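Below is one structure, written out as structure tokens, with a few remarks after it.
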Amino acid sequence: MEKYVNEEKISSEEIVSALKQGCLENAFVPTLCGSAFKNKGVQRVLDAVIAFLPSPVDIDSTEASLVDNPEEKINIKNSDDSPFTALAFKIATDPFVGRLTYLRVYSGSLKKGSFCINSNTGKKERISRILQMHANKREELQEVKAGEIVAVIGLKNTNTGHTLSEKGDVVLESMEFPEPVVSVSIEPVSKGDQDQLAKGMNKLSEEDPTFKVAVDKETAQTLISGMGEVHLEIIIDRLKREFNVNANIGKPQVSFREAIQKPVEKIDEKFIRQSGGRGQYGHVVINVKPAEQGSGYTFVNKIVGGVIPREYIPAVDQGIQESLQNGVLYGYPIPDVEVELVFGSYHDVDSSEIAFKVAGSRAIIAACKQANPVLMEPIMKVEATTPDDYMGDVIGDINSRRGKVDTIGQQGSNQQIKAVVPLSEMFGYATDLRSLSQGRANFYMDFSHYDKVPAQVEEKLMKTRVKNGVEE
């Protein structure tokens, strides 16, 4: 800066050095222009990665947690002499060599054919081959060292985000993946496609942690879930291209949830069944209250004096959790609940785990029905960028989708509109936005939170759901 102010000559080396220092300190982020589609600026991006971003030599150590005590952090020295530690950051399926696991090695070294331990599962894994991946070729390596990124073959129980280490005693910071918010039903066109479809979906879900496959117990439909319409379109296209699967796709379904709005206390539930032989007896008393959104389910055991034997407590917990998965309104899960088990009773002969599980299940259903249950829908953060000429139309369209505009700001020669919109109203938005703006506007969408569905909208949504055959 002093040289610039004094109009002295500044060398390229000085600029690169200063930019790299700024990147290492997280002071700023360099931005480069280009187009991957047209292959413009791609080489510059790669050059910038080498010039500005930290190499393994620039980072002295990496923070990790102990497996035995996750709260305790230790620093792993980034050197070849330290014990081997690596993070599996990507799973890919190669048509020639099978399942590839991409590793970033943070410390130590590992030879081809040797063993390491998956710290997340505790299982031993054998590295049968090590490959250095290039754009259009692979190079076989005998050994991998600290700082390198390689793909390995032979890992059977390692998934994205797992840590591989020499002793299995440390865990590196993993990636957090959001829960999927859009689902579509998928079914093979013919019986012959069925096995290939299952195989393809299994491999794709290994590669992509945000892609989930499930079977709806009520409808027996196979549901695939992802982060948006485009995400699922790409998955379906890959199933057709890579696995030669022809499948029919159903209408997307939104991941609704249910929530309770007020605490209820002393919900008393007995399960008594008397038959010819041994009967069933379980008795629980619970308090239930809504938890903060995103905090999940909490079970607190407040039993004193042994009124319920210790061995039956987990059964009560399990019964409650299973019932919360099916909700009390429309069969959607109730995730954010705090349950206290405060009292109960048992029978010396007739009490069993099953009896207490049923009692817990019935108690939570009764409690949730009294706690003003409501239907919750996912709300998305939407950022639409449009030329001035179309701003009114874009805002009007967002409002018609039950959206709320937060801010409108200038972004270059365009206007950027930030809003929150219910996901159920966002299907087909990409096409509509292009139509409104003659193809000149674009948008970005990300999950924000869950919010209560208005009563009149709830009725309409549930009618559509029944019409689509989701409910009995």
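Every chain in the structure tokens takes a letter, A first, then B, and so on in the order presented; its residues are numbered from 1, and the ligands are numbered from 1 following the presented order.
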
*Hey, what's within 7 Å of Val171 in chain A if we count only C-alpha atoms and toss same-chain stuff fewer than 6 positions away? As a list in words, please?*
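Selected residues are Ala64, Ser65, Leu66, Val67, Ser119 and Thr163 of chain A.
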
Per residue of range 175-285 of chain A within 9 Å of range 299-315 of chain A, what are the shortest atom pair and its distance in Å to one decimal, counting only C-alpha atoms, with rows by chain and residue number, as a Markdown table?
```
| residue | atom | partner | partner_atom | distance |
| --- | --- | --- | --- | --- |
| A:Gly282 | CA | A:Ile308 | CA | 9.0 |
| A:His283 | CA | A:Ile308 | CA | 8.3 |
| A:Val284 | CA | A:Ile308 | CA | 8.2 |
```

_I'd like the contact shell of Glu139 in chain A - 10 Å cut-off, only C-alpha atoms, skipping same-chain residues fewer than 3 positions apart - returned as a count of residues only._
6

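Around Glu63 in chain A, within 7 Å and counting only C-alpha atoms, the residues found are Ser61, Lys73, Ile74, Asn75 and Ile76 of chain A, once anything fewer than 2 positions away on its own chain is removed.
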
Could the residues in this selection be written to a file with N, CA and C atoms, as a compact mmCIF listing (two decimals), in the first residue's frame?
```
# COMPACT_ATOMS: atom_id res chain seq x y z
N SER A 61 -0.71 -27.31 12.02
CA SER A 61 -1.41 -28.41 12.67
C SER A 61 -2.92 -28.33 12.39
N LYS A 73 -10.10 -31.42 22.66
CA LYS A 73 -9.50 -31.18 21.34
C LYS A 73 -7.98 -31.34 21.43
N ILE A 74 -7.41 -31.90 20.36
CA ILE A 74 -5.95 -31.99 20.28
C ILE A 74 -5.50 -31.48 18.92
N ASN A 75 -4.25 -31.08 18.82
CA ASN A 75 -3.70 -30.61 17.55
C ASN A 75 -2.83 -31.71 16.95
N ILE A 76 -3.12 -32.05 15.69
CA ILE A 76 -2.35 -33.07 14.98
C ILE A 76 -1.33 -32.34 14.10
```

_Distance query Leu24 in chain A at most 12 Å, only C-alpha atoms, self and fewer than 6 positions along chain excluded, as a count of residues only_ = 12

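Between CA of Val189 in chain A and CA of Arg238 in chain A the interatomic distance comes to 16.2 Å.
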
*DSSP on the backbone: what in range 226-435 of chain A comes out alpha helix (DSSP H), as a VMD selection string?*
chain A and resid 229 to 243 313 to 324 353 to 370 391 to 400 429 to 435

Export C-alpha atoms of the chosen residues as an mmCIF file, in the first residue's frame?
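Okay, again13.cif is ready:
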```cif
data_model
loop_
_atom_site.group_PDB
_atom_site.id
_atom_site.type_symbol
_atom_site.label_atom_id
_atom_site.label_comp_id
_atom_site.auth_asym_id
_atom_site.auth_seq_id
_atom_site.Cartn_x
_atom_site.Cartn_y
_atom_site.Cartn_z
ATOM 1 C CA GLU A 229 -35.947 -30.104 -7.840
ATOM 2 C CA VAL A 230 -32.710 -29.651 -9.810
ATOM 3 C CA HIS A 231 -30.841 -31.985 -7.440
ATOM 4 C CA LEU A 232 -33.397 -34.748 -8.004
ATOM 5 C CA GLU A 233 -33.489 -34.111 -11.773
ATOM 6 C CA ILE A 234 -29.717 -34.697 -11.919
ATOM 7 C CA ILE A 235 -30.031 -37.891 -9.823
ATOM 8 C CA ILE A 236 -32.761 -39.233 -12.140
ATOM 9 C CA ASP A 237 -30.695 -38.323 -15.214
ATOM 10 C CA ARG A 238 -27.683 -40.169 -13.759
ATOM 11 C CA LEU A 239 -29.819 -43.249 -13.057
ATOM 12 C CA LYS A 240 -30.786 -43.297 -16.728
ATOM 13 C CA ARG A 241 -27.309 -42.554 -18.127
ATOM 14 C CA GLU A 242 -25.035 -44.520 -15.800
ATOM 15 C CA PHE A 243 -27.252 -47.407 -14.739
ATOM 16 C CA ILE A 313 -36.943 -47.222 31.133
ATOM 17 C CA PRO A 314 -35.318 -47.681 27.654
ATOM 18 C CA ALA A 315 -38.507 -49.426 26.445
ATOM 19 C CA VAL A 316 -40.593 -46.379 27.459
ATOM 20 C CA ASP A 317 -38.110 -44.117 25.629
ATOM 21 C CA GLN A 318 -38.264 -46.311 22.502
ATOM 22 C CA GLY A 319 -42.083 -46.393 22.476
ATOM 23 C CA ILE A 320 -42.190 -42.583 22.727
ATOM 24 C CA GLN A 321 -39.659 -42.100 19.902
ATOM 25 C CA GLU A 322 -41.471 -44.494 17.557
ATOM 26 C CA SER A 323 -44.794 -42.720 18.078
ATOM 27 C CA LEU A 324 -43.217 -39.287 17.540
ATOM 28 C CA GLU A 353 -40.549 -54.271 28.062
ATOM 29 C CA ILE A 354 -43.343 -54.558 25.473
ATOM 30 C CA ALA A 355 -45.958 -53.392 27.984
ATOM 31 C CA PHE A 356 -43.921 -50.311 28.955
ATOM 32 C CA LYS A 357 -43.145 -49.569 25.302
ATOM 33 C CA VAL A 358 -46.891 -49.557 24.491
ATOM 34 C CA ALA A 359 -47.643 -47.455 27.594
ATOM 35 C CA GLY A 360 -44.975 -44.892 26.562
ATOM 36 C CA SER A 361 -46.332 -44.830 23.011
ATOM 37 C CA ARG A 362 -49.919 -44.231 24.134
ATOM 38 C CA ALA A 363 -48.846 -41.590 26.669
ATOM 39 C CA ILE A 364 -46.971 -39.451 24.121
ATOM 40 C CA ILE A 365 -49.881 -39.637 21.638
ATOM 41 C CA ALA A 366 -52.320 -38.504 24.348
ATOM 42 C CA ALA A 367 -49.925 -35.741 25.437
ATOM 43 C CA CYS A 368 -49.355 -34.383 21.919
ATOM 44 C CA LYS A 369 -53.105 -34.321 21.206
ATOM 45 C CA GLN A 370 -53.581 -32.096 24.281
ATOM 46 C CA MET A 391 -38.649 -6.288 -10.388
ATOM 47 C CA GLY A 392 -42.374 -5.571 -9.865
ATOM 48 C CA ASP A 393 -43.405 -8.817 -11.566
ATOM 49 C CA VAL A 394 -40.883 -10.868 -9.584
ATOM 50 C CA ILE A 395 -42.003 -9.370 -6.235
ATOM 51 C CA GLY A 396 -45.664 -9.903 -7.182
ATOM 52 C CA ASP A 397 -44.931 -13.549 -8.000
ATOM 53 C CA ILE A 398 -43.153 -14.057 -4.645
ATOM 54 C CA ASN A 399 -46.141 -12.533 -2.804
ATOM 55 C CA SER A 400 -48.540 -14.822 -4.701
ATOM 56 C CA TYR A 429 -40.350 -21.455 -9.811
ATOM 57 C CA ALA A 430 -37.249 -21.694 -12.024
ATOM 58 C CA THR A 431 -39.432 -21.919 -15.149
ATOM 59 C CA ASP A 432 -41.832 -19.186 -13.995
ATOM 60 C CA LEU A 433 -38.990 -16.793 -13.146
ATOM 61 C CA ARG A 434 -37.456 -17.273 -16.598
ATOM 62 C CA SER A 435 -40.850 -16.550 -18.196
#
```

_I need the strand (DSSP E or B) residues of range 227-452 of chain A per DSSP on the backbone, written as a count of residues only._
85

*Of the candidates A:Val29, A:Ile91, A:Ile286, A:Ala135, which shows the shortest atom-to-atom distance to His162 in chain A, using only C-alpha atoms?*
A:Ile91

_Which residues are close to Tyr4 in chain A, i.e. within 12 Å by only C-alpha atoms, leaving aside same-chain residues fewer than 5 positions away? Reply as a ChimeraX atom specification._
/A:9-11,14-15

Write the residues of the selection above to a file with C-alpha atoms, as a PDB file, in the first residue's frame.
```pdb
ATOM      1  CA  LYS A   9       6.673   0.002  -8.919  1.00  0.00           C
ATOM      2  CA  ILE A  10       5.037  -3.110  -7.375  1.00  0.00           C
ATOM      3  CA  SER A  11       6.181  -6.517  -8.619  1.00  0.00           C
ATOM      4  CA  GLU A  14       4.744  -8.852  -4.024  1.00  0.00           C
ATOM      5  CA  ILE A  15       1.051  -8.811  -5.048  1.00  0.00           C
TER       6      ILE A  15
END
```

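Ranking A:Ser185, A:Glu265, A:Ser351, A:Pro333 by their shortest atom-to-atom distance to Asp216 in chain A, with only C-alpha atoms included, puts A:Ser185 first.
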
*Rank nothing, just name the residue among A:Tyr330, A:Tyr390, A:Tyr281, A:Leu46 nearest to Glu459 in chain A, using only C-alpha atoms.*
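Result for the nearest residue to Glu459 in chain A: A:Tyr330.
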
_Ser107 in chain A surroundings by only C-alpha atoms, 9 Å radius, close-in-sequence under 3 positions cut, as a PyMOL selection string_ = chain A and resi 61-62+76-86+145-147

Create the file for the chosen residues now, containing C-alpha atoms and written as a PDB file, in the first residue's frame.
```
ATOM      1  CA  SER A  61      -1.415 -28.411  12.671  1.00  0.00           C
ATOM      2  CA  THR A  62      -5.045 -29.526  12.411  1.00  0.00           C
ATOM      3  CA  ILE A  76      -2.347 -33.066  14.977  1.00  0.00           C
ATOM      4  CA  LYS A  77       0.998 -31.971  13.552  1.00  0.00           C
ATOM      5  CA  ASN A  78       0.942 -31.952   9.746  1.00  0.00           C
ATOM      6  CA  SER A  79       4.071 -33.986   9.120  1.00  0.00           C
ATOM      7  CA  ASP A  80       5.047 -37.364   7.657  1.00  0.00           C
ATOM      8  CA  ASP A  81       6.426 -38.466  11.048  1.00  0.00           C
ATOM      9  CA  SER A  82       3.095 -38.113  12.910  1.00  0.00           C
ATOM     10  CA  PRO A  83       0.588 -40.999  13.149  1.00  0.00           C
ATOM     11  CA  PHE A  84      -1.552 -41.426  10.021  1.00  0.00           C
ATOM     12  CA  THR A  85      -4.776 -39.342   9.979  1.00  0.00           C
ATOM     13  CA  ALA A  86      -6.976 -38.691   6.931  1.00  0.00           C
ATOM     14  CA  LYS A 145       1.988 -38.827   2.652  1.00  0.00           C
ATOM     15  CA  ALA A 146       0.764 -35.843   4.678  1.00  0.00           C
ATOM     16  CA  GLY A 147      -0.803 -33.082   2.587  1.00  0.00           C
TER      17      GLY A 147
END
```

*To one decimal place, how far is CA of Phe115 in chain A from CA of Ser128 in chain A in Å?*
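Separating CA of Phe115 in chain A from CA of Ser128 in chain A is a distance of 8.9 Å.
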
*asked:* Would you compute the distance between CA of Ser295 in chain A and CA of Glu176 in chain A? Give it in Å to one decimal.
replied: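 Taking CA of Ser295 in chain A as the start and CA of Glu176 in chain A as the end point, the length is 15.2 Å.
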
*Choose the residue, out of A:Ile224, A:Leu423, A:Ala48, A:Ala384, that has the smallest atom-to-atom separation from Ile408 in chain A; count only C-alpha atoms.*
A:Ala384
